[in-house]
Amino acid sequence: GSKGDPVFNHPRLSLAELIQPNTWVGYVSSTSVYGNHDGESVNETSPINCEPGSKGELYFRAETEWRNAAEKFGWKLNVFRCAGLYGDGRSALHTLRKKMMKRDYVSLDCEEFGMGNEKERGEKEYPTSRIHEEDVTRAILGSMMKLNELDSLSCNTWNLSDDYPAPRSEVMTFAAKIIKEESTMLLRDPANFQKTTSSTMPVKSERALRRKTDRKRVNNRLAKQMLMPNGILLYPTYREGLQAVMKSNKLNGNW
């Protein structure tokens with residue numbers, strides 16, 4: 001919020017008393033703190049270019065609060081700057097599934113169904129970074145396990161993203177392809193589909209606007225090298241990740 005991190009600033013929590021010196025502390029932040037870098041790669045030392053009043057600025061403000069406290073009280077702080085998170089409960093598959101329910105149809109054309117509003121309007125797209133939640137969990141656990149190895153630093157910062165930044169339309173098209181291949185996901189009869197158009201454009205969220213204005217590629221080399229077993233992600237690209245999301249939701253009976 002505007003007053004900083006709600007946990008850090010909770011009036012009934014005395015973190016200095018609850019957290020002993022040399023204790024591992026983790027804060028999950030966002031790569032939105034970097035703001036726009038005109039499509040260039042960003043690492044943990046890249047300039048912070050987030051716009052005033054943006055969510056990126058709020059994340060960075062919270063990071064600063066935790067850093068100052070960690071230095072003051074001797075905590076072992078790890079800040080995890082995550083790219084776009086997805087997993088079993090939220091993903092491009094979930095987004096398309098919601099569209100299918102609202103529109104009461106399924107398009108069997110992967111390109112047409114997955115391309116999204118920007119590509120439909122001929123707007124230029126830029127690659128964005130993302131990461132599966134399981135790989136975030138592995139990175140966090142890795143930092144806990146290597147607390148003593150990382151002891152030389154009181155505050156560690158990690159960029160968490162997969163290996164392949166990709167335009168949103170490419171990800172959505174692949175998600176549509178997976179849905180097309182799964183008969184259980186065909187929720188409506190395509191024969192009943194009547195496509196409708198709207199003269200009014202939907203209001204864009206800040207996240208959607210950031211895909212156009214905050215152009216960057218997230219460098220994950222440090223986190224992979226230091227935190228991941230054998231330096232390997234479980235889901236190095238959205239392809240492996242979305243396939244795993246589909247498999248998990250089918251196995252659990254969600255779809």
# chains A, B, ... in the order shown; residues from 1 in each chain; ligands from 1
$ residues_around --residues "A:Asp38" --least-positions-apart "4" --cutoff "10 Å" --atoms "only C-alpha atoms" --output "ChimeraX atom specification"
/A:126,213-217
$ write_last_selection --atoms "N, CA and C atoms" --output "CSV table (one decimal), in the first residue's frame"
chain,number,residue,atom,x,y,z
A,126,TYR,N,6.1,-6.6,-27.3
A,126,TYR,CA,7.5,-6.8,-26.8
A,126,TYR,C,7.5,-8.0,-25.9
A,213,THR,N,5.0,-0.3,-21.9
A,213,THR,CA,5.8,0.8,-21.5
A,213,THR,C,7.1,0.3,-20.8
A,214,ASP,N,7.0,-0.8,-20.0
A,214,ASP,CA,8.2,-1.2,-19.2
A,214,ASP,C,8.9,-2.4,-20.0
A,215,ARG,N,9.6,-2.0,-21.0
A,215,ARG,CA,10.2,-3.0,-21.9
A,215,ARG,C,11.6,-3.4,-21.3
A,216,LYS,N,11.7,-4.7,-21.0
A,216,LYS,CA,13.0,-5.2,-20.5
A,216,LYS,C,13.0,-6.8,-20.6
A,217,ARG,N,14.2,-7.3,-20.5
A,217,ARG,CA,14.4,-8.8,-20.4
A,217,ARG,C,15.1,-9.1,-19.1
$ residues_around --residues "A:Asn148" --least-positions-apart "6" --cutoff "12 Å" --atoms "only C-alpha atoms" --output "MDAnalysis selection string"
chainID A and resid 22:24 76 142 154
$ atom_distance --atom1 "atom CA of A:Ile131" --atom2 "atom CA of A:Lys102"
27.2 Å
$ closest_residue --among "A:Ala62, A:Arg138, A:Leu233, A:Ala92" --to "A:Lys177" --atoms "only C-alpha atoms"
A:Ala92
$ residues_around --residues "A:Leu242" --least-positions-apart "5" --cutoff "8 Å" --atoms "only C-alpha atoms" --output "mmCIF file with C-alpha atoms, in the first residue's frame"
data_model
loop_
_atom_site.group_PDB
_atom_site.id
_atom_site.type_symbol
_atom_site.label_atom_id
_atom_site.label_comp_id
_atom_site.auth_asym_id
_atom_site.auth_seq_id
_atom_site.Cartn_x
_atom_site.Cartn_y
_atom_site.Cartn_z
ATOM 1 C CA GLY A 87 1.155 -21.791 -11.804
ATOM 2 C CA SER A 91 -1.883 -18.967 -16.010
ATOM 3 C CA ALA A 92 -2.562 -18.246 -19.661
ATOM 4 C CA LEU A 93 -4.692 -21.415 -19.655
ATOM 5 C CA ALA A 175 -2.084 -22.063 -24.418
#
$ closest_residue --among "A:Ala176, A:Arg81, A:Lys99, A:Arg12" --to "A:Thr45" --atoms "only C-alpha atoms"
A:Arg81
$ closest_residue --among "A:Ser161, A:Asn49, A:Thr64, A:Thr128" --to "A:Asn220" --atoms "only C-alpha atoms"
A:Ser161
$ closest_residue --among "A:Tyr164, A:Tyr34, A:Phe174, A:Tyr27" --to "A:Asn78" --atoms "only C-alpha atoms"
A:Tyr27
$ atom_distance --atom1 "atom CA of A:Leu150" --atom2 "atom CA of A:His132"
24.3 Å
$ residues_around --residues "A:Ala70" --least-positions-apart "2" --cutoff "12 Å" --atoms "only C-alpha atoms" --output "PyMOL selection string"
chain A and resi 8+15-16+19-27+63-68+72-79+153-156
$ write_last_selection --atoms "N, CA and C atoms" --output "PDB file, in the first residue's frame"
ATOM      1  N   PHE A   8       5.559  -5.313   7.532  1.00  0.00           N
ATOM      2  CA  PHE A   8       6.625  -4.534   8.169  1.00  0.00           C
ATOM      3  C   PHE A   8       6.044  -3.421   9.040  1.00  0.00           C
ATOM      4  N   LEU A  15       8.815  -6.541  14.913  1.00  0.00           N
ATOM      5  CA  LEU A  15       9.688  -7.451  14.191  1.00  0.00           C
ATOM      6  C   LEU A  15      11.080  -7.514  14.801  1.00  0.00           C
ATOM      7  N   ALA A  16      11.529  -6.419  15.380  1.00  0.00           N
ATOM      8  CA  ALA A  16      12.857  -6.417  16.005  1.00  0.00           C
ATOM      9  C   ALA A  16      12.925  -7.406  17.155  1.00  0.00           C
ATOM     10  N   ILE A  19      12.244 -11.316  15.355  1.00  0.00           N
ATOM     11  CA  ILE A  19      13.270 -11.858  14.464  1.00  0.00           C
ATOM     12  C   ILE A  19      14.646 -11.622  15.074  1.00  0.00           C
ATOM     13  N   GLN A  20      15.322 -12.710  15.379  1.00  0.00           N
ATOM     14  CA  GLN A  20      16.641 -12.616  15.989  1.00  0.00           C
ATOM     15  C   GLN A  20      17.706 -12.287  14.941  1.00  0.00           C
ATOM     16  N   PRO A  21      18.836 -11.729  15.362  1.00  0.00           N
ATOM     17  CA  PRO A  21      19.938 -11.484  14.431  1.00  0.00           C
ATOM     18  C   PRO A  21      20.382 -12.766  13.728  1.00  0.00           C
ATOM     19  N   ASN A  22      20.865 -12.633  12.503  1.00  0.00           N
ATOM     20  CA  ASN A  22      21.337 -13.754  11.666  1.00  0.00           C
ATOM     21  C   ASN A  22      20.223 -14.694  11.220  1.00  0.00           C
ATOM     22  N   THR A  23      18.976 -14.253  11.344  1.00  0.00           N
ATOM     23  CA  THR A  23      17.840 -15.048  10.881  1.00  0.00           C
ATOM     24  C   THR A  23      17.593 -14.802   9.394  1.00  0.00           C
ATOM     25  N   TRP A  24      17.278 -15.873   8.671  1.00  0.00           N
ATOM     26  CA  TRP A  24      16.899 -15.730   7.268  1.00  0.00           C
ATOM     27  C   TRP A  24      15.569 -15.003   7.175  1.00  0.00           C
ATOM     28  N   VAL A  25      15.493 -13.996   6.318  1.00  0.00           N
ATOM     29  CA  VAL A  25      14.253 -13.263   6.051  1.00  0.00           C
ATOM     30  C   VAL A  25      14.101 -13.147   4.545  1.00  0.00           C
ATOM     31  N   GLY A  26      12.920 -13.436   4.034  1.00  0.00           N
ATOM     32  CA  GLY A  26      12.666 -13.331   2.605  1.00  0.00           C
ATOM     33  C   GLY A  26      11.552 -12.365   2.295  1.00  0.00           C
ATOM     34  N   TYR A  27      11.738 -11.565   1.256  1.00  0.00           N
ATOM     35  CA  TYR A  27      10.682 -10.676   0.779  1.00  0.00           C
ATOM     36  C   TYR A  27      10.506 -10.904  -0.715  1.00  0.00           C
ATOM     37  N   GLU A  63      10.960  -2.912  -0.368  1.00  0.00           N
ATOM     38  CA  GLU A  63      12.311  -3.480  -0.347  1.00  0.00           C
ATOM     39  C   GLU A  63      13.232  -2.639   0.525  1.00  0.00           C
ATOM     40  N   THR A  64      13.177  -1.334   0.351  1.00  0.00           N
ATOM     41  CA  THR A  64      14.054  -0.425   1.073  1.00  0.00           C
ATOM     42  C   THR A  64      13.796  -0.498   2.579  1.00  0.00           C
ATOM     43  N   GLU A  65      12.526  -0.603   2.950  1.00  0.00           N
ATOM     44  CA  GLU A  65      12.193  -0.738   4.375  1.00  0.00           C
ATOM     45  C   GLU A  65      12.833  -1.992   4.966  1.00  0.00           C
ATOM     46  N   TRP A  66      12.708  -3.099   4.252  1.00  0.00           N
ATOM     47  CA  TRP A  66      13.269  -4.355   4.748  1.00  0.00           C
ATOM     48  C   TRP A  66      14.795  -4.313   4.760  1.00  0.00           C
ATOM     49  N   ARG A  67      15.403  -3.696   3.756  1.00  0.00           N
ATOM     50  CA  ARG A  67      16.871  -3.595   3.716  1.00  0.00           C
ATOM     51  C   ARG A  67      17.399  -2.783   4.905  1.00  0.00           C
ATOM     52  N   ASN A  68      16.772  -1.653   5.143  1.00  0.00           N
ATOM     53  CA  ASN A  68      17.214  -0.815   6.251  1.00  0.00           C
ATOM     54  C   ASN A  68      17.088  -1.547   7.587  1.00  0.00           C
ATOM     55  N   LYS A  72      20.040  -2.867  10.174  1.00  0.00           N
ATOM     56  CA  LYS A  72      19.988  -2.371  11.550  1.00  0.00           C
ATOM     57  C   LYS A  72      19.981  -3.515  12.566  1.00  0.00           C
ATOM     58  N   PHE A  73      19.208  -4.584  12.263  1.00  0.00           N
ATOM     59  CA  PHE A  73      19.021  -5.648  13.247  1.00  0.00           C
ATOM     60  C   PHE A  73      19.820  -6.918  12.941  1.00  0.00           C
ATOM     61  N   GLY A  74      20.595  -6.909  11.859  1.00  0.00           N
ATOM     62  CA  GLY A  74      21.451  -8.044  11.568  1.00  0.00           C
ATOM     63  C   GLY A  74      20.741  -9.240  10.974  1.00  0.00           C
ATOM     64  N   TRP A  75      19.624  -9.020  10.263  1.00  0.00           N
ATOM     65  CA  TRP A  75      18.924 -10.128   9.603  1.00  0.00           C
ATOM     66  C   TRP A  75      19.611 -10.482   8.299  1.00  0.00           C
ATOM     67  N   LYS A  76      19.405 -11.709   7.836  1.00  0.00           N
ATOM     68  CA  LYS A  76      19.920 -12.159   6.545  1.00  0.00           C
ATOM     69  C   LYS A  76      18.789 -12.064   5.524  1.00  0.00           C
ATOM     70  N   LEU A  77      18.680 -10.905   4.906  1.00  0.00           N
ATOM     71  CA  LEU A  77      17.559 -10.624   4.014  1.00  0.00           C
ATOM     72  C   LEU A  77      17.826 -11.117   2.604  1.00  0.00           C
ATOM     73  N   ASN A  78      16.806 -11.735   2.010  1.00  0.00           N
ATOM     74  CA  ASN A  78      16.827 -12.123   0.605  1.00  0.00           C
ATOM     75  C   ASN A  78      15.612 -11.508  -0.079  1.00  0.00           C
ATOM     76  N   VAL A  79      15.860 -10.677  -1.084  1.00  0.00           N
ATOM     77  CA  VAL A  79      14.782 -10.048  -1.853  1.00  0.00           C
ATOM     78  C   VAL A  79      14.664 -10.771  -3.182  1.00  0.00           C
ATOM     79  N   LEU A 153      27.028 -11.607   2.636  1.00  0.00           N
ATOM     80  CA  LEU A 153      26.129 -10.517   2.292  1.00  0.00           C
ATOM     81  C   LEU A 153      24.984 -10.434   3.296  1.00  0.00           C
ATOM     82  N   SER A 154      24.688  -9.233   3.780  1.00  0.00           N
ATOM     83  CA  SER A 154      23.556  -9.077   4.694  1.00  0.00           C
ATOM     84  C   SER A 154      22.251  -8.973   3.921  1.00  0.00           C
ATOM     85  N   CYS A 155      22.323  -8.508   2.670  1.00  0.00           N
ATOM     86  CA  CYS A 155      21.127  -8.380   1.838  1.00  0.00           C
ATOM     87  C   CYS A 155      21.417  -8.939   0.447  1.00  0.00           C
ATOM     88  N   ASN A 156      20.711  -9.979   0.083  1.00  0.00           N
ATOM     89  CA  ASN A 156      20.854 -10.567  -1.244  1.00  0.00           C
ATOM     90  C   ASN A 156      19.635 -10.230  -2.091  1.00  0.00           C
TER      91      ASN A 156
END
$ atom_distance --atom1 "atom CA of A:Asn159" --atom2 "atom CA of A:Glu125"
22.7 Å
$ closest_residue --among "A:Asp162, A:Glu182, A:Asp5, A:Glu170" --to "A:Tyr86" --atoms "only C-alpha atoms"
A:Asp162
$ residues_around --residues "A:Ser46" --least-positions-apart "5" --cutoff "12 Å" --atoms "only C-alpha atoms" --output "PyMOL selection string"
chain A and resi 31+33-37+40-41+157-159+216-219
$ select_by_dssp --residues "stretch 24-188 of chain A" --states "alpha helix (DSSP H)" --output "NGL selection string"
:A and (55-73 or 92-103 or 110-114 or 116-120 or 133-145 or 168-181)
$ residues_around --residues "A:Glu133" --least-positions-apart "6" --cutoff "12 Å" --atoms "only C-alpha atoms" --output "list in words"
Val28, Cys82, Ala83, Gly84, Leu85, Tyr86, Gly87, Asp88, Gly89, Arg90, Ser91, Ala139, Ile140, Leu160, Ser161, Asp162, Leu233, Leu234, Tyr235, Tyr238, Gly241, Leu242, Ala244 and Val245 of chain A
